[in-house]
Each structure stands twice: as C-alpha cells, then as structure tokens.
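Novice: Hey, dropping model02.cif in here, mmCIF, N, CA and C atoms:
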```cif
data_input
#
loop_
_atom_site.group_PDB
_atom_site.id
_atom_site.type_symbol
_atom_site.label_atom_id
_atom_site.label_comp_id
_atom_site.auth_asym_id
_atom_site.auth_seq_id
_atom_site.Cartn_x
_atom_site.Cartn_y
_atom_site.Cartn_z
ATOM 1 N N MET C 99 43.683 -80.689 -28.782
ATOM 2 C CA MET C 99 43.409 -80.931 -27.380
ATOM 3 C C MET C 99 44.687 -81.482 -26.740
ATOM 4 N N ASN C 100 45.087 -80.878 -25.638
ATOM 5 C CA ASN C 100 46.318 -81.326 -24.989
ATOM 6 C C ASN C 100 46.040 -82.560 -24.120
ATOM 7 N N PRO C 101 47.107 -83.254 -23.688
ATOM 8 C CA PRO C 101 46.920 -84.499 -22.921
ATOM 9 C C PRO C 101 46.123 -84.312 -21.630
ATOM 10 N N LEU C 102 46.319 -83.206 -20.937
ATOM 11 C CA LEU C 102 45.576 -82.980 -19.694
ATOM 12 C C LEU C 102 44.094 -82.795 -19.985
ATOM 13 N N GLU C 103 43.792 -82.035 -21.019
ATOM 14 C CA GLU C 103 42.393 -81.814 -21.383
ATOM 15 C C GLU C 103 41.717 -83.134 -21.747
ATOM 16 N N GLN C 104 42.438 -83.992 -22.464
ATOM 17 C CA GLN C 104 41.902 -85.310 -22.824
ATOM 18 C C GLN C 104 41.638 -86.144 -21.572
ATOM 19 N N LEU C 105 42.586 -86.127 -20.634
ATOM 20 C CA LEU C 105 42.416 -86.865 -19.382
ATOM 21 C C LEU C 105 41.189 -86.372 -18.617
ATOM 22 N N LEU C 106 41.053 -85.059 -18.486
ATOM 23 C CA LEU C 106 39.912 -84.497 -17.760
ATOM 24 C C LEU C 106 38.594 -84.834 -18.452
ATOM 25 N N ASN C 107 38.574 -84.758 -19.770
ATOM 26 C CA ASN C 107 37.363 -85.119 -20.513
ATOM 27 C C ASN C 107 37.008 -86.587 -20.296
ATOM 28 N N ASP C 108 38.026 -87.452 -20.299
ATOM 29 C CA ASP C 108 37.787 -88.879 -20.062
ATOM 30 C C ASP C 108 37.217 -89.114 -18.667
ATOM 31 N N GLU C 109 37.750 -88.409 -17.677
ATOM 32 C CA GLU C 109 37.247 -88.574 -16.310
ATOM 33 C C GLU C 109 35.800 -88.114 -16.186
ATOM 34 N N VAL C 110 35.460 -87.013 -16.833
ATOM 35 C CA VAL C 110 34.072 -86.536 -16.798
ATOM 36 C C VAL C 110 33.165 -87.534 -17.517
ATOM 37 N N ALA C 111 33.634 -88.077 -18.629
ATOM 38 C CA ALA C 111 32.833 -89.068 -19.362
ATOM 39 C C ALA C 111 32.578 -90.302 -18.493
ATOM 40 N N ARG C 112 33.609 -90.753 -17.765
ATOM 41 C CA ARG C 112 33.420 -91.906 -16.875
ATOM 42 C C ARG C 112 32.436 -91.570 -15.746
ATOM 43 N N LEU C 113 32.537 -90.357 -15.203
ATOM 44 C CA LEU C 113 31.589 -89.930 -14.167
ATOM 45 C C LEU C 113 30.164 -89.959 -14.711
ATOM 46 N N LEU C 114 29.975 -89.403 -15.893
ATOM 47 C CA LEU C 114 28.634 -89.377 -16.485
ATOM 48 C C LEU C 114 28.117 -90.785 -16.753
ATOM 49 N N ASP C 115 28.999 -91.687 -17.176
ATOM 50 C CA ASP C 115 28.592 -93.080 -17.380
ATOM 51 C C ASP C 115 28.139 -93.713 -16.064
ATOM 52 N N ARG C 116 28.903 -93.469 -14.987
ATOM 53 C CA ARG C 116 28.517 -94.022 -13.679
ATOM 54 C C ARG C 116 27.180 -93.451 -13.224
ATOM 55 N N LEU C 117 27.010 -92.139 -13.405
ATOM 56 C CA LEU C 117 25.751 -91.507 -12.999
ATOM 57 C C LEU C 117 24.579 -92.037 -13.824
ATOM 58 N N ALA C 118 24.798 -92.210 -15.118
ATOM 59 C CA ALA C 118 23.733 -92.713 -15.985
ATOM 60 C C ALA C 118 23.296 -94.110 -15.557
ATOM 61 N N GLY C 119 24.233 -94.888 -15.026
ATOM 62 C CA GLY C 119 23.897 -96.239 -14.597
ATOM 63 C C GLY C 119 23.322 -96.331 -13.199
ATOM 64 N N SER C 120 23.445 -95.275 -12.419
ATOM 65 C CA SER C 120 23.017 -95.382 -11.022
ATOM 66 C C SER C 120 21.937 -94.383 -10.603
ATOM 67 N N VAL C 121 21.731 -93.339 -11.369
ATOM 68 C CA VAL C 121 20.755 -92.307 -10.987
ATOM 69 C C VAL C 121 19.489 -92.509 -11.826
ATOM 70 N N PRO C 122 18.354 -92.663 -11.164
ATOM 71 C CA PRO C 122 17.114 -92.880 -11.922
ATOM 72 C C PRO C 122 16.684 -91.626 -12.687
ATOM 73 N N GLY C 123 15.975 -91.828 -13.767
ATOM 74 C CA GLY C 123 15.449 -90.718 -14.547
ATOM 75 C C GLY C 123 14.541 -89.839 -13.702
ATOM 76 N N GLY C 124 14.563 -88.557 -13.939
ATOM 77 C CA GLY C 124 13.729 -87.619 -13.207
ATOM 78 C C GLY C 124 14.297 -87.204 -11.866
ATOM 79 N N CYS C 125 15.466 -87.711 -11.536
ATOM 80 C CA CYS C 125 16.074 -87.417 -10.234
ATOM 81 C C CYS C 125 16.398 -85.927 -10.095
ATOM 82 N N LEU C 126 16.901 -85.313 -11.157
ATOM 83 C CA LEU C 126 17.265 -83.897 -11.082
ATOM 84 C C LEU C 126 16.032 -83.033 -10.821
ATOM 85 N N GLU C 127 14.956 -83.323 -11.528
ATOM 86 C CA GLU C 127 13.724 -82.561 -11.327
ATOM 87 C C GLU C 127 13.197 -82.758 -9.906
ATOM 88 N N ALA C 128 13.238 -83.994 -9.427
ATOM 89 C CA ALA C 128 12.768 -84.274 -8.067
ATOM 90 C C ALA C 128 13.643 -83.566 -7.044
ATOM 91 N N MET C 129 14.945 -83.584 -7.279
ATOM 92 C CA MET C 129 15.861 -82.914 -6.362
ATOM 93 C C MET C 129 15.579 -81.413 -6.339
ATOM 94 N N THR C 130 15.340 -80.844 -7.509
ATOM 95 C CA THR C 130 15.065 -79.411 -7.604
ATOM 96 C C THR C 130 13.797 -79.053 -6.833
ATOM 97 N N ASP C 131 12.772 -79.887 -6.972
ATOM 98 C CA ASP C 131 11.484 -79.605 -6.324
ATOM 99 C C ASP C 131 11.482 -79.957 -4.840
ATOM 100 N N GLU C 132 12.056 -81.098 -4.483
ATOM 101 C CA GLU C 132 11.913 -81.622 -3.126
ATOM 102 C C GLU C 132 13.095 -81.320 -2.209
ATOM 103 N N ARG C 133 14.256 -81.126 -2.778
ATOM 104 C CA ARG C 133 15.462 -80.889 -1.972
ATOM 105 C C ARG C 133 16.288 -79.750 -2.583
ATOM 106 N N PRO C 134 15.769 -78.543 -2.522
ATOM 107 C CA PRO C 134 16.461 -77.417 -3.159
ATOM 108 C C PRO C 134 17.853 -77.161 -2.582
ATOM 109 N N ALA C 135 18.066 -77.441 -1.304
ATOM 110 C CA ALA C 135 19.399 -77.230 -0.718
ATOM 111 C C ALA C 135 20.408 -78.199 -1.335
ATOM 112 N N LEU C 136 19.973 -79.439 -1.560
ATOM 113 C CA LEU C 136 20.849 -80.423 -2.200
ATOM 114 C C LEU C 136 21.149 -80.010 -3.636
ATOM 115 N N ARG C 137 20.143 -79.506 -4.330
ATOM 116 C CA ARG C 137 20.343 -79.047 -5.711
ATOM 117 C C ARG C 137 21.311 -77.865 -5.748
ATOM 118 N N ARG C 138 21.183 -76.925 -4.805
ATOM 119 C CA ARG C 138 22.115 -75.791 -4.756
ATOM 120 C C ARG C 138 23.535 -76.288 -4.514
ATOM 121 N N ARG C 139 23.677 -77.247 -3.608
ATOM 122 C CA ARG C 139 25.014 -77.791 -3.308
ATOM 123 C C ARG C 139 25.597 -78.488 -4.534
ATOM 124 N N LEU C 140 24.773 -79.235 -5.252
ATOM 125 C CA LEU C 140 25.223 -79.883 -6.483
ATOM 126 C C LEU C 140 25.700 -78.840 -7.488
ATOM 127 N N ASP C 141 24.940 -77.771 -7.652
ATOM 128 C CA ASP C 141 25.334 -76.697 -8.567
ATOM 129 C C ASP C 141 26.652 -76.060 -8.134
ATOM 130 N N GLU C 142 26.823 -75.862 -6.831
ATOM 131 C CA GLU C 142 28.071 -75.276 -6.315
ATOM 132 C C GLU C 142 29.265 -76.178 -6.603
ATOM 133 N N VAL C 143 29.102 -77.473 -6.342
ATOM 134 C CA VAL C 143 30.216 -78.405 -6.543
ATOM 135 C C VAL C 143 30.539 -78.543 -8.031
ATOM 136 N N GLU C 144 29.523 -78.552 -8.879
ATOM 137 C CA GLU C 144 29.778 -78.610 -10.319
ATOM 138 C C GLU C 144 30.499 -77.352 -10.798
ATOM 139 N N ALA C 145 30.126 -76.195 -10.267
ATOM 140 C CA ALA C 145 30.819 -74.949 -10.621
ATOM 141 C C ALA C 145 32.260 -74.982 -10.125
ATOM 142 N N GLN C 146 32.459 -75.517 -8.934
ATOM 143 C CA GLN C 146 33.817 -75.651 -8.397
ATOM 144 C C GLN C 146 34.646 -76.588 -9.274
ATOM 145 N N MET C 147 34.047 -77.683 -9.703
ATOM 146 C CA MET C 147 34.737 -78.626 -10.574
ATOM 147 C C MET C 147 35.145 -77.944 -11.887
ATOM 148 N N ALA C 148 34.257 -77.143 -12.450
ATOM 149 C CA ALA C 148 34.565 -76.427 -13.693
ATOM 150 C C ALA C 148 35.696 -75.426 -13.481
ATOM 151 N N ALA C 149 35.684 -74.736 -12.344
ATOM 152 C CA ALA C 149 36.749 -73.767 -12.049
ATOM 153 C C ALA C 149 38.086 -74.474 -11.849
ATOM 154 N N LEU C 150 38.073 -75.614 -11.176
ATOM 155 C CA LEU C 150 39.309 -76.380 -10.987
ATOM 156 C C LEU C 150 39.854 -76.874 -12.322
ATOM 157 N N ARG C 151 38.962 -77.310 -13.199
ATOM 158 C CA ARG C 151 39.379 -77.763 -14.526
ATOM 159 C C ARG C 151 40.056 -76.621 -15.281
ATOM 160 N N ALA C 152 39.430 -75.457 -15.260
ATOM 161 C CA ALA C 152 40.005 -74.296 -15.947
ATOM 162 C C ALA C 152 41.360 -73.930 -15.360
ATOM 163 N N SER C 153 41.474 -73.995 -14.053
ATOM 164 C CA SER C 153 42.738 -73.677 -13.388
ATOM 165 C C SER C 153 43.831 -74.667 -13.773
ATOM 166 N N MET C 154 43.480 -75.954 -13.810
ATOM 167 C CA MET C 154 44.475 -76.960 -14.198
ATOM 168 C C MET C 154 44.925 -76.763 -15.641
ATOM 169 N N LEU C 155 43.987 -76.461 -16.523
ATOM 170 C CA LEU C 155 44.358 -76.247 -17.922
ATOM 171 C C LEU C 155 45.231 -75.009 -18.076
ATOM 172 N N GLU C 156 44.924 -73.971 -17.320
ATOM 173 C CA GLU C 156 45.761 -72.765 -17.353
ATOM 174 C C GLU C 156 47.164 -73.088 -16.830
ATOM 175 N N GLY C 157 47.236 -73.814 -15.730
ATOM 176 C CA GLY C 157 48.528 -74.215 -15.172
ATOM 177 C C GLY C 157 49.303 -75.099 -16.129
ATOM 178 N N TYR C 158 48.610 -75.989 -16.822
ATOM 179 C CA TYR C 158 49.276 -76.860 -17.785
ATOM 180 C C TYR C 158 49.819 -76.044 -18.960
ATOM 181 N N GLY C 159 49.095 -75.019 -19.354
ATOM 182 C CA GLY C 159 49.592 -74.134 -20.409
ATOM 183 C C GLY C 159 50.879 -73.444 -19.986
ATOM 184 N N ARG C 160 50.921 -72.988 -18.727
ATOM 185 C CA ARG C 160 52.156 -72.379 -18.206
ATOM 186 C C ARG C 160 53.274 -73.413 -18.163
ATOM 187 N N TRP C 161 52.949 -74.633 -17.766
ATOM 188 C CA TRP C 161 53.929 -75.721 -17.728
ATOM 189 C C TRP C 161 54.519 -75.949 -19.125
ATOM 190 N N GLN C 162 53.674 -76.018 -20.137
ATOM 191 C CA GLN C 162 54.151 -76.237 -21.503
ATOM 192 C C GLN C 162 55.051 -75.091 -21.960
ATOM 193 N N ARG C 163 54.682 -73.851 -21.627
ATOM 194 C CA ARG C 163 55.525 -72.712 -22.009
ATOM 195 C C ARG C 163 56.868 -72.765 -21.291
ATOM 196 N N ALA C 164 56.877 -73.199 -20.031
ATOM 197 C CA ALA C 164 58.140 -73.326 -19.291
ATOM 198 C C ALA C 164 59.023 -74.401 -19.922
ATOM 199 N N LEU C 165 58.425 -75.502 -20.345
ATOM 200 C CA LEU C 165 59.194 -76.544 -21.035
ATOM 201 C C LEU C 165 59.835 -75.987 -22.305
ATOM 202 N N GLU C 166 59.065 -75.220 -23.061
ATOM 203 C CA GLU C 166 59.595 -74.610 -24.280
ATOM 204 C C GLU C 166 60.721 -73.638 -23.961
ATOM 205 N N ASP C 167 60.556 -72.851 -22.903
ATOM 206 C CA ASP C 167 61.600 -71.902 -22.504
ATOM 207 C C ASP C 167 62.895 -72.628 -22.157
ATOM 208 N N VAL C 168 62.788 -73.711 -21.391
ATOM 209 C CA VAL C 168 63.986 -74.479 -21.020
ATOM 210 C C VAL C 168 64.648 -75.044 -22.272
ATOM 211 N N GLU C 169 63.859 -75.605 -23.167
ATOM 212 C CA GLU C 169 64.420 -76.157 -24.398
ATOM 213 C C GLU C 169 65.107 -75.068 -25.224
ATOM 214 N N ASN C 170 64.473 -73.908 -25.331
ATOM 215 C CA ASN C 170 65.058 -72.810 -26.100
ATOM 216 C C ASN C 170 66.353 -72.305 -25.471
ATOM 217 N N LEU C 171 66.383 -72.212 -24.151
ATOM 218 C CA LEU C 171 67.610 -71.758 -23.484
ATOM 219 C C LEU C 171 68.750 -72.753 -23.682
ATOM 220 N N TRP C 172 68.436 -74.044 -23.611
ATOM 221 C CA TRP C 172 69.476 -75.040 -23.882
ATOM 222 C C TRP C 172 69.959 -74.935 -25.331
ATOM 223 N N ALA C 173 69.049 -74.672 -26.259
ATOM 224 C CA ALA C 173 69.437 -74.529 -27.664
ATOM 225 C C ALA C 173 70.348 -73.323 -27.851
ATOM 226 N N VAL C 174 70.035 -72.211 -27.189
ATOM 227 C CA VAL C 174 70.893 -71.022 -27.268
ATOM 228 C C VAL C 174 72.265 -71.341 -26.690
ATOM 229 N N GLY C 175 72.286 -72.022 -25.548
ATOM 230 C CA GLY C 175 73.567 -72.396 -24.941
ATOM 231 C C GLY C 175 74.387 -73.282 -25.858
ATOM 232 N N ALA C 176 73.750 -74.244 -26.497
ATOM 233 C CA ALA C 176 74.456 -75.138 -27.418
ATOM 234 C C ALA C 176 74.951 -74.374 -28.637
ATOM 235 N N TRP C 177 74.123 -73.475 -29.156
ATOM 236 C CA TRP C 177 74.513 -72.690 -30.326
ATOM 237 C C TRP C 177 75.724 -71.821 -30.005
ATOM 238 N N ARG C 178 75.704 -71.165 -28.855
ATOM 239 C CA ARG C 178 76.832 -70.312 -28.466
ATOM 240 C C ARG C 178 78.086 -71.143 -28.247
ATOM 241 N N SER C 179 77.922 -72.310 -27.672
ATOM 242 C CA SER C 179 79.065 -73.192 -27.443
ATOM 243 C C SER C 179 79.688 -73.606 -28.773
ATOM 244 N N GLU C 180 78.849 -73.940 -29.744
ATOM 245 C CA GLU C 180 79.349 -74.319 -31.066
ATOM 246 C C GLU C 180 80.013 -73.135 -31.755
ATOM 247 N N ALA C 181 79.477 -71.943 -31.573
ATOM 248 C CA ALA C 181 80.044 -70.749 -32.201
ATOM 249 C C ALA C 181 81.407 -70.426 -31.608
ATOM 250 N N GLU C 182 81.603 -70.706 -30.330
ATOM 251 C CA GLU C 182 82.881 -70.416 -29.679
ATOM 252 C C GLU C 182 83.947 -71.443 -30.036
ATOM 253 N N GLN C 183 83.567 -72.673 -30.318
ATOM 254 C CA GLN C 183 84.545 -73.717 -30.609
ATOM 255 C C GLN C 183 85.397 -73.412 -31.839
ATOM 256 N N PRO C 184 84.825 -72.994 -32.966
ATOM 257 C CA PRO C 184 85.680 -72.673 -34.116
ATOM 258 C C PRO C 184 86.640 -71.522 -33.820
ATOM 259 N N ALA C 185 86.197 -70.541 -33.035
ATOM 260 C CA ALA C 185 87.082 -69.430 -32.691
ATOM 261 C C ALA C 185 88.237 -69.926 -31.840
ATOM 262 N N GLU C 186 87.962 -70.831 -30.903
ATOM 263 C CA GLU C 186 89.022 -71.396 -30.068
ATOM 264 C C GLU C 186 89.973 -72.244 -30.905
ATOM 265 N N GLN C 187 89.429 -73.000 -31.855
ATOM 266 C CA GLN C 187 90.273 -73.827 -32.718
ATOM 267 C C GLN C 187 91.170 -72.955 -33.592
ATOM 268 N N ALA C 188 90.628 -71.869 -34.107
ATOM 269 C CA ALA C 188 91.423 -70.964 -34.940
ATOM 270 C C ALA C 188 92.529 -70.329 -34.121
ATOM 271 N N ALA C 189 92.240 -69.966 -32.883
ATOM 272 C CA ALA C 189 93.256 -69.358 -32.022
ATOM 273 C C ALA C 189 94.363 -70.352 -31.717
ATOM 274 N N SER C 190 94.019 -71.609 -31.496
ATOM 275 C CA SER C 190 95.057 -72.601 -31.190
ATOM 276 C C SER C 190 95.882 -72.927 -32.429
ATOM 277 N N LEU C 191 95.280 -72.876 -33.594
ATOM 278 C CA LEU C 191 96.031 -73.113 -34.826
ATOM 279 C C LEU C 191 96.984 -71.955 -35.118
ATOM 280 N N ALA C 192 96.565 -70.739 -34.796
ATOM 281 C CA ALA C 192 97.394 -69.563 -35.045
ATOM 282 C C ALA C 192 98.585 -69.525 -34.100
ATOM 283 N N ALA C 193 98.467 -70.146 -32.958
ATOM 284 C CA ALA C 193 99.551 -70.106 -31.964
ATOM 285 C C ALA C 193 100.634 -71.045 -32.275
#
```
Would you encode the structure as structure tokens?

Specialist:
Amino acid sequence: MNPLEQLLNDEVARLLDRLAGSVPGGCLEAMTDERPALRRRLDEVEAQMAALRASMLEGYGRWQRALEDVENLWAVGAWRSEAEQPAEQAASLAA
C-alpha cells in the first residue's frame, strides 16, 4: 500500500468513526424509507468520493513513475559523464 492510499484509508476510517459516534442506528433504513432524495444524494456523493479516490491513486502512480524516470535520467547522465572522463584523461595524457 502506497503512502497516499494509507492516508486516504485513514481519513475514511476517521470519517466512519465520527459517523459511528454521531449517527443513530437504523438511520440509513429510515433515510431510505422516509427521505429517498437524501439517500440518493448520499449515494451520489459516496460514488463521487470513490471516483476521486481512484483518480488520486492513479495520479499518484503517474507521479511515482515520473520520479523514477527523473532518477533514471540522472543516472544515465552520471554514467555517461563518468564514461567520458577516462577518455578525456587518456587524451590529455597522450598529449
């Protein structure tokens, strides 16, 4: 599990803890029966939250790959620089 996923899971766990402490039992059933528009809105917002979570995790995956790309490019640059130094030293010794 990556750090962002852990953070998001922790935030959802805290939300559920707050809801468990403040929402009376049977509230969901009552909402479904007595306030269907509110229940639909709750379902919409929860679906939106899930989509945002997925989007953030996808973006974080791209971020991690970009970090790896930058590190790899710097490594290639350093390797090429080291490979050129002995050739330059040999040329200066030959002169």

Novice: Could you give me, as a PDB file with N, CA and C atoms, in the coordinates of the input, the residues within 12 Å of C:Glu103, counting only C-alpha atoms and dropping anything in the same chain fewer than 3 positions from it?

Specialist:
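What follows is the written file result.pdb:
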```
ATOM      1  N   MET C  99      43.683 -80.689 -28.782  1.00  0.00           N
ATOM      2  CA  MET C  99      43.409 -80.931 -27.380  1.00  0.00           C
ATOM      3  C   MET C  99      44.687 -81.482 -26.740  1.00  0.00           C
ATOM      4  N   ASN C 100      45.087 -80.878 -25.638  1.00  0.00           N
ATOM      5  CA  ASN C 100      46.318 -81.326 -24.989  1.00  0.00           C
ATOM      6  C   ASN C 100      46.040 -82.560 -24.120  1.00  0.00           C
ATOM      7  N   LEU C 106      41.053 -85.059 -18.486  1.00  0.00           N
ATOM      8  CA  LEU C 106      39.912 -84.497 -17.760  1.00  0.00           C
ATOM      9  C   LEU C 106      38.594 -84.834 -18.452  1.00  0.00           C
ATOM     10  N   ASN C 107      38.574 -84.758 -19.770  1.00  0.00           N
ATOM     11  CA  ASN C 107      37.363 -85.119 -20.513  1.00  0.00           C
ATOM     12  C   ASN C 107      37.008 -86.587 -20.296  1.00  0.00           C
ATOM     13  N   ASP C 108      38.026 -87.452 -20.299  1.00  0.00           N
ATOM     14  CA  ASP C 108      37.787 -88.879 -20.062  1.00  0.00           C
ATOM     15  C   ASP C 108      37.217 -89.114 -18.667  1.00  0.00           C
ATOM     16  N   GLU C 109      37.750 -88.409 -17.677  1.00  0.00           N
ATOM     17  CA  GLU C 109      37.247 -88.574 -16.310  1.00  0.00           C
ATOM     18  C   GLU C 109      35.800 -88.114 -16.186  1.00  0.00           C
ATOM     19  N   VAL C 110      35.460 -87.013 -16.833  1.00  0.00           N
ATOM     20  CA  VAL C 110      34.072 -86.536 -16.798  1.00  0.00           C
ATOM     21  C   VAL C 110      33.165 -87.534 -17.517  1.00  0.00           C
ATOM     22  N   ARG C 151      38.962 -77.310 -13.199  1.00  0.00           N
ATOM     23  CA  ARG C 151      39.379 -77.763 -14.526  1.00  0.00           C
ATOM     24  C   ARG C 151      40.056 -76.621 -15.281  1.00  0.00           C
ATOM     25  N   ALA C 152      39.430 -75.457 -15.260  1.00  0.00           N
ATOM     26  CA  ALA C 152      40.005 -74.296 -15.947  1.00  0.00           C
ATOM     27  C   ALA C 152      41.360 -73.930 -15.360  1.00  0.00           C
ATOM     28  N   SER C 153      41.474 -73.995 -14.053  1.00  0.00           N
ATOM     29  CA  SER C 153      42.738 -73.677 -13.388  1.00  0.00           C
ATOM     30  C   SER C 153      43.831 -74.667 -13.773  1.00  0.00           C
ATOM     31  N   MET C 154      43.480 -75.954 -13.810  1.00  0.00           N
ATOM     32  CA  MET C 154      44.475 -76.960 -14.198  1.00  0.00           C
ATOM     33  C   MET C 154      44.925 -76.763 -15.641  1.00  0.00           C
ATOM     34  N   LEU C 155      43.987 -76.461 -16.523  1.00  0.00           N
ATOM     35  CA  LEU C 155      44.358 -76.247 -17.922  1.00  0.00           C
ATOM     36  C   LEU C 155      45.231 -75.009 -18.076  1.00  0.00           C
ATOM     37  N   GLU C 156      44.924 -73.971 -17.320  1.00  0.00           N
ATOM     38  CA  GLU C 156      45.761 -72.765 -17.353  1.00  0.00           C
ATOM     39  C   GLU C 156      47.164 -73.088 -16.830  1.00  0.00           C
ATOM     40  N   GLY C 157      47.236 -73.814 -15.730  1.00  0.00           N
ATOM     41  CA  GLY C 157      48.528 -74.215 -15.172  1.00  0.00           C
ATOM     42  C   GLY C 157      49.303 -75.099 -16.129  1.00  0.00           C
ATOM     43  N   TYR C 158      48.610 -75.989 -16.822  1.00  0.00           N
ATOM     44  CA  TYR C 158      49.276 -76.860 -17.785  1.00  0.00           C
ATOM     45  C   TYR C 158      49.819 -76.044 -18.960  1.00  0.00           C
ATOM     46  N   GLY C 159      49.095 -75.019 -19.354  1.00  0.00           N
ATOM     47  CA  GLY C 159      49.592 -74.134 -20.409  1.00  0.00           C
ATOM     48  C   GLY C 159      50.879 -73.444 -19.986  1.00  0.00           C
TER      49      GLY C 159
END
```

Novice: Using atom N of C:Ala111 and atom CA of C:Leu150 as the two end points, give the distance in Å to one decimal.

Specialist: 15.1 Å

Novice: Separation of atom CA of C:Gln162 and atom CA of C:Glu180, in Å?

Specialist: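 These atoms are spaced 27.0 Å apart.
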
Novice: For atom CA of C:Leu102 and atom C of C:Ala149, determine how far apart the two atoms are, in Å to one decimal place.

Specialist: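 Computing it gives 13.8 Å between the two atoms.
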